[in-house]
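Student: Below is the structure I would like to discuss, written out as structure tokens.
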Amino acid sequence: MPRTELVLVWGEGLCDNIVGHTLVCQKDSMKKDLLTINDLNLSEINEIFRLAGELKEKRHTFGEPLKGKTLGLIFEKPSNRTRVSFEVGITELGGHAIYLGSYEIDLGKRESPKDVAKVLSRYLNGIIARTFSHKTVVELAKYSSIPVINGLTDYQHPCQALSDLFTIKEKKGMEGITVAFIGDGNNVLNSLLYICHKTGIKIHAACPKGYEPGKDILKDTAGSASMFSSPADAVKGADVIYTDVWTSMGQEKEYRKRLKVFKKYQVNSELVKLANKEAIVMHCLPAHRGREITDEVMDSAASIVMDQAENRLHVQKAILIKLLK
Ligand code: CP
Ligand code: NVA
């Protein structure tokens with residue numbers, strides 16, 4: 001049988017061998033993933049902020065630019081904000097979401113990320129993935145012909161950082177702002193470090209020894225990021241105080257050890273008093289009240305955590321329009 005070679009510029013899903021013919025395909029050149037903050041340049045970040053502002057202002061009158069689009073949400077871990085804001089967001093933009101929790105897909109056990117990505121690319125217009133290992137979202141993106149958006153991994157939480165910076169811009173502007181992060185040098189801090197570096201915001205981080213962000217991240221963000229061993233030193237001159245849980249999802253076995261290690265890294269009223277007057281307090285949530293943040297601070301006038309949570313919706317709608325439309 002003669003062999004025919006076709007070159008298609010299309011999604012990778014079409015790159016199968018058909019008996020007697022080889023289809024040689026290239027990835028869809030229009031596909032763009034959001035796996036880390038480094039997938040966006042400064043002008044793309046600013047455009048997301050501009051669009052998010054417009055979407056917030058015209059929440060129910062913006063129209064339905066994603067009408068007919070379907071988003072799949074692959075979640076290996078629990079979620080309140082990320083899941084609900086993406087589901088509501090796509091619905092408000094005229095599309096539809098399908099939640100694929102660990103029991104539905106059982107990623108990597110029932111089926112490989114590669115096969116899941118290839119199959120879902122035939123049905124969906126985009127994937128939000130919350131996975132334990134960052135490698136899994138990289139693998140999903142590699143084999144999908146549709147955009148893959150990181151909804152939190154052990155390495156980064158880019159959608160969180162984008163909406164956090166949008167919130168800071170809304171509350172304080174961006175000129176001459178210093179953010180102080182107190183707590184664990186994990187996914188949330190990693191993304192914050194990168195976005196502060198890209199947007200020219202100074203960030204102080206106080207993390208216990210052994211719980212700092214990776215050396216490569218600190219090297220990449222040198223110039224905007226400074227490490228402090230004491231939370232009191234980190235919040236001096238800060239306009240924003242930010243914290244995250246001491247024990248992240250997937251680290252539950254370390255809970256008792258972490259309680260001891262992080263004890264002095266609590267955001268409480270005494271610490272807030274050491275920051276700039278009018279400093280605001282942020283938390284990605286869920287908050288473990290009485291541990292990384294006290295009730296008093298969480299419920300104080302300085303706390304903007306609920307506005308911060310709301311903005312996940314507006315910013316993610318902007319991300320969806322930019323990547324799916
Ligand atoms: N901040 C955040 O991502 O919250 P969820 O884990 O509830 O989605
Ligand atoms: N660092 C936390 C963030 C939760 C939004 C976690 O990974 O569980």
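How things are named: the first chain in the structure tokens is A, the next is B, and so on; residues count from 1 in each chain; ligands count from 1 in the order shown.
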Hey, what's within 12 Å of Pro286 of chain A if we count only C-alpha atoms and toss same-chain stuff fewer than 4 positions away? As a VMD selection string, please?
Tutor: chain A and resid 78 to 82 243 to 249 282 291 to 293 298 305 to 306 309
Student: What would the file look like if the residues just selected were written as a compact mmCIF listing (two decimals), in the first residue's frame with all heavy atoms?
Tutor:
```txt
# COMPACT_ATOMS: atom_id res chain seq x y z
N PRO A 78 -8.92 19.01 47.12
CA PRO A 78 -10.14 19.80 47.32
C PRO A 78 -9.98 21.26 46.92
O PRO A 78 -8.85 21.74 46.75
CB PRO A 78 -10.40 19.70 48.83
CG PRO A 78 -9.29 18.96 49.43
CD PRO A 78 -8.31 18.57 48.38
N SER A 79 -11.08 21.95 46.77
CA SER A 79 -11.04 23.38 46.43
C SER A 79 -12.39 24.02 46.69
O SER A 79 -13.43 23.41 46.46
CB SER A 79 -10.69 23.54 44.95
OG SER A 79 -10.85 24.88 44.56
N ASN A 80 -12.35 25.24 47.17
CA ASN A 80 -13.57 26.05 47.25
C ASN A 80 -13.46 27.14 46.19
O ASN A 80 -14.10 27.10 45.15
CB ASN A 80 -13.69 26.64 48.67
CG ASN A 80 -14.82 27.64 48.82
OD1 ASN A 80 -15.56 27.90 47.87
ND2 ASN A 80 -14.96 28.22 49.99
N ARG A 81 -12.56 28.12 46.42
CA ARG A 81 -12.42 29.29 45.54
C ARG A 81 -12.11 28.94 44.08
O ARG A 81 -12.76 29.44 43.16
CB ARG A 81 -11.32 30.24 46.06
CG ARG A 81 -11.76 31.08 47.23
CD ARG A 81 -10.63 31.24 48.21
NE ARG A 81 -10.37 29.97 48.85
CZ ARG A 81 -10.99 29.55 49.97
NH1 ARG A 81 -11.84 30.34 50.56
NH2 ARG A 81 -10.74 28.36 50.50
N THR A 82 -11.10 28.12 43.87
CA THR A 82 -10.64 27.88 42.49
C THR A 82 -11.72 27.18 41.68
O THR A 82 -12.06 27.61 40.57
CB THR A 82 -9.33 27.06 42.51
OG1 THR A 82 -8.43 27.70 43.40
CG2 THR A 82 -8.71 26.96 41.13
N THR A 243 -0.16 35.98 54.14
CA THR A 243 0.21 34.67 54.70
C THR A 243 -0.59 33.54 54.03
O THR A 243 -1.57 33.78 53.32
CB THR A 243 0.07 34.64 56.23
OG1 THR A 243 0.66 33.42 56.72
CG2 THR A 243 -1.38 34.70 56.69
N ASP A 244 -0.13 32.34 54.26
CA ASP A 244 -0.74 31.12 53.69
C ASP A 244 -0.72 30.07 54.80
O ASP A 244 -0.03 30.24 55.82
CB ASP A 244 0.11 30.68 52.47
CG ASP A 244 -0.41 29.43 51.76
OD1 ASP A 244 -1.55 29.03 52.02
OD2 ASP A 244 0.35 28.86 50.95
N VAL A 245 -1.40 28.98 54.59
CA VAL A 245 -1.43 27.90 55.59
C VAL A 245 -0.02 27.37 55.87
O VAL A 245 0.86 27.45 55.01
CB VAL A 245 -2.33 26.72 55.14
CG1 VAL A 245 -3.78 27.15 55.08
CG2 VAL A 245 -1.87 26.14 53.81
N TRP A 246 0.15 26.83 57.07
CA TRP A 246 1.45 26.24 57.42
C TRP A 246 1.60 24.83 56.83
O TRP A 246 2.69 24.37 56.56
CB TRP A 246 1.60 26.18 58.94
CG TRP A 246 1.73 27.53 59.59
CD1 TRP A 246 2.08 28.70 58.97
CD2 TRP A 246 1.54 27.84 60.97
NE1 TRP A 246 2.12 29.71 59.90
CE2 TRP A 246 1.79 29.22 61.12
CE3 TRP A 246 1.17 27.09 62.09
CZ2 TRP A 246 1.69 29.86 62.37
CZ3 TRP A 246 1.07 27.73 63.32
CH2 TRP A 246 1.33 29.11 63.46
N THR A 247 0.46 24.15 56.72
CA THR A 247 0.47 22.79 56.18
C THR A 247 -0.39 22.77 54.93
O THR A 247 -1.61 22.90 55.00
CB THR A 247 -0.08 21.78 57.22
OG1 THR A 247 0.68 21.91 58.41
CG2 THR A 247 0.00 20.35 56.71
N SER A 248 0.25 22.65 53.79
CA SER A 248 -0.49 22.66 52.52
C SER A 248 -1.11 21.30 52.24
O SER A 248 -0.73 20.28 52.83
CB SER A 248 0.46 23.03 51.38
OG SER A 248 0.77 24.39 51.44
N MET A 249 -2.02 21.29 51.27
CA MET A 249 -2.65 20.03 50.86
C MET A 249 -1.58 19.07 50.37
O MET A 249 -0.71 19.45 49.58
CB MET A 249 -3.66 20.31 49.73
CG MET A 249 -4.86 21.11 50.19
SD MET A 249 -6.00 21.50 48.83
CE MET A 249 -5.22 22.93 48.11
N MET A 282 -3.55 40.09 53.66
CA MET A 282 -4.09 39.18 52.65
C MET A 282 -3.80 37.73 53.02
O MET A 282 -2.83 37.42 53.70
CB MET A 282 -3.47 39.50 51.28
CG MET A 282 -3.77 40.91 50.81
SD MET A 282 -3.01 41.33 49.22
CE MET A 282 -4.02 40.43 48.06
N ARG A 291 -3.87 29.82 63.90
CA ARG A 291 -2.54 29.30 63.55
C ARG A 291 -1.81 30.38 62.75
O ARG A 291 -1.26 31.29 63.32
CB ARG A 291 -2.65 27.98 62.79
CG ARG A 291 -2.98 26.86 63.79
CD ARG A 291 -3.37 25.58 63.12
NE ARG A 291 -4.70 25.20 63.53
CZ ARG A 291 -5.52 24.44 62.82
NH1 ARG A 291 -5.15 23.96 61.66
NH2 ARG A 291 -6.71 24.13 63.27
N GLU A 292 -1.82 30.33 61.42
CA GLU A 292 -1.02 31.33 60.67
C GLU A 292 -1.60 32.73 60.77
O GLU A 292 -0.90 33.71 60.51
CB GLU A 292 -0.86 30.91 59.20
CG GLU A 292 -2.07 31.09 58.30
CD GLU A 292 -3.04 29.93 58.34
OE1 GLU A 292 -2.78 28.98 59.11
OE2 GLU A 292 -4.05 29.97 57.61
N ILE A 293 -2.87 32.85 61.15
CA ILE A 293 -3.51 34.17 61.29
C ILE A 293 -4.49 34.12 62.45
O ILE A 293 -5.18 33.11 62.63
CB ILE A 293 -4.20 34.59 59.96
CG1 ILE A 293 -4.64 36.05 59.99
CG2 ILE A 293 -5.36 33.68 59.60
CD1 ILE A 293 -4.97 36.63 58.61
N MET A 298 -7.80 38.52 61.05
CA MET A 298 -8.64 38.05 59.92
C MET A 298 -9.92 38.89 59.81
O MET A 298 -10.37 39.18 58.70
CB MET A 298 -8.95 36.58 60.24
CG MET A 298 -9.65 35.79 59.25
SD MET A 298 -8.75 35.27 57.81
CE MET A 298 -10.11 34.50 57.01
N VAL A 305 -9.31 39.96 52.82
CA VAL A 305 -9.31 38.58 52.30
C VAL A 305 -10.55 38.22 51.48
O VAL A 305 -10.47 37.43 50.54
CB VAL A 305 -9.07 37.52 53.42
CG1 VAL A 305 -7.70 37.71 54.06
CG2 VAL A 305 -10.15 37.55 54.45
N MET A 306 -11.71 38.81 51.83
CA MET A 306 -12.92 38.45 51.07
C MET A 306 -12.94 39.15 49.71
O MET A 306 -13.37 38.56 48.71
CB MET A 306 -14.19 38.75 51.88
CG MET A 306 -14.30 37.90 53.13
SD MET A 306 -14.18 36.11 52.76
CE MET A 306 -13.65 35.47 54.34
N ALA A 309 -10.65 37.12 47.67
CA ALA A 309 -11.30 35.89 47.20
C ALA A 309 -12.26 36.19 46.04
O ALA A 309 -12.29 35.47 45.04
CB ALA A 309 -12.04 35.21 48.34
```
Student: Could you list the protein, DNA and RNA residues that have any atom within 12 Å of ligand 1, counting only C-alpha atoms and all ligand atoms, and write them as number ranges by chain?
Tutor: A: 73, 75-87, 128-131, 150-153, 156-164, 187-188, 243-245, 248-249, 282-287, 305-306, 308-313, 316
Student: What are the nearest atom pairs, with distances in Å to one decimal, for all residues of segment 140-180 of chain A that come at most 10 Å from segment 103-126 of chain A, using only C-alpha atoms, set out by chain and rising residue number as a Markdown table?
Tutor:
```
| residue | atom | partner | partner_atom | distance |
| --- | --- | --- | --- | --- |
| A:Leu140 | CA | A:Ala117 | CA | 5.2 |
| A:Ala141 | CA | A:Ala117 | CA | 7.4 |
| A:Lys142 | CA | A:Lys114 | CA | 7.9 |
| A:Tyr143 | CA | A:Ala117 | CA | 5.5 |
| A:Ser144 | CA | A:Ala117 | CA | 4.8 |
| A:Ser145 | CA | A:Ser121 | CA | 5.7 |
| A:Ile146 | CA | A:Gly126 | CA | 5.3 |
| A:Pro147 | CA | A:Gly126 | CA | 5.0 |
| A:Val148 | CA | A:Gly126 | CA | 6.0 |
| A:Ile149 | CA | A:Gly126 | CA | 7.8 |
```
Student: So, counting only C-alpha atoms, which residue among A:Ile37, A:Leu42, A:Cys196, A:Leu320 is closest to His96 of chain A?
Tutor: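 Of A:Ile37, A:Leu42, A:Cys196, A:Leu320, the one nearest His96 of chain A is A:Leu320, counting only C-alpha atoms.
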Student: Go through segment 242-287 of chain A and collect every residue that DSSP, computed from the backbone, puts in strand (DSSP E); the answer should be as a list of chain:residue names.
Tutor: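 Answer for segment 242-287 of chain A restricted to strand (DSSP E) is A:Tyr242, A:Thr243, A:Ile280, A:Val281, A:Met282, A:His283.
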Student: Using only C-alpha atoms, pick whichever of A:Ile74, A:Phe132, A:Ser43, A:Lys58 has the shortest atom-to-atom distance to Gln251 of chain A.
Tutor: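 Closest to Gln251 of chain A, using only C-alpha atoms: A:Phe132.
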Student: Select, from A:Ile321, A:Val235, A:Ile201, A:Asn190, the residue with the minimum atom-to-atom distance to Asp220 of chain A, counting only C-alpha atoms.
Tutor: A:Asn190
Student: Based on the backbone DSSP call, show me all residues of segment 11-256 of chain A assigned alpha helix (DSSP H), as a PyMOL selection string.
Tutor: chain A and resi 42-57+81-92+102-105+113-123+134-143+158-172+187-199+215-220+231-235+255-256
Student: Between A:Asn46, A:Asn186, A:Ser191, A:Thr178, which has the minimum distance to ligand 2 (counting only C-alpha atoms and all ligand atoms)?
Tutor: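 Looking at the shortest contact to ligand 2, the residue is A:Asn186.
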Student: If you measure from atom CA of Val240 of chain A to atom CA of Arg50 of chain A, what distance in Å do you get, rounded to one decimal?
Tutor: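 Spanning atom CA of Val240 of chain A to atom CA of Arg50 of chain A is a straight-line distance of 21.6 Å.
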Student: So, with only C-alpha atoms as the atoms that count, which of A:Cys207, A:Asp239, A:Ala222, A:Ala275 lies closest to Arg258 of chain A?
Tutor: A:Cys207
Student: Rank A:Asp295, A:Asp184, A:Glu254, A:Glu278 by their smallest atom-to-atom distance to ligand 2, using only C-alpha atoms and all ligand atoms, and report the top residue only.
Tutor: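 Comparing A:Asp295, A:Asp184, A:Glu254, A:Glu278 against ligand 2, the winner is A:Asp184.
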Student: Pick out the residues sitting within 12 Å of Leu274 of chain A, and hand them over as a PyMOL selection string; count only C-alpha atoms, and ignore anything fewer than 5 positions along from it in its own chain.
Tutor: chain A and resi 180+231-241+267-269+279
Student: I'd like the neighbourhood of Asn38 of chain A as a ChimeraX atom specification, where a residue qualifies if any of its atoms comes within 9 Å (using only C-alpha atoms), though same-chain residues fewer than 4 positions away should be ignored.
Tutor: /A:34,194-195,198
Student: Take the residues just selected and output them with N, CA and C atoms as a PDB file, in the first residue's frame.
Tutor:
```
ATOM      1  N   LEU A  34      -1.248  28.241  30.830  1.00  0.00           N
ATOM      2  CA  LEU A  34      -0.821  29.065  31.972  1.00  0.00           C
ATOM      3  C   LEU A  34      -0.436  28.085  33.087  1.00  0.00           C
ATOM      4  N   TYR A 194       7.451  35.524  41.674  1.00  0.00           N
ATOM      5  CA  TYR A 194       7.609  35.749  40.234  1.00  0.00           C
ATOM      6  C   TYR A 194       6.761  36.929  39.755  1.00  0.00           C
ATOM      7  N   ILE A 195       5.529  37.035  40.245  1.00  0.00           N
ATOM      8  CA  ILE A 195       4.687  38.126  39.721  1.00  0.00           C
ATOM      9  C   ILE A 195       5.174  39.476  40.255  1.00  0.00           C
ATOM     10  N   LYS A 198       8.060  40.474  38.101  1.00  0.00           N
ATOM     11  CA  LYS A 198       7.649  40.960  36.763  1.00  0.00           C
ATOM     12  C   LYS A 198       7.014  42.330  36.806  1.00  0.00           C
TER      13      LYS A 198
END
```
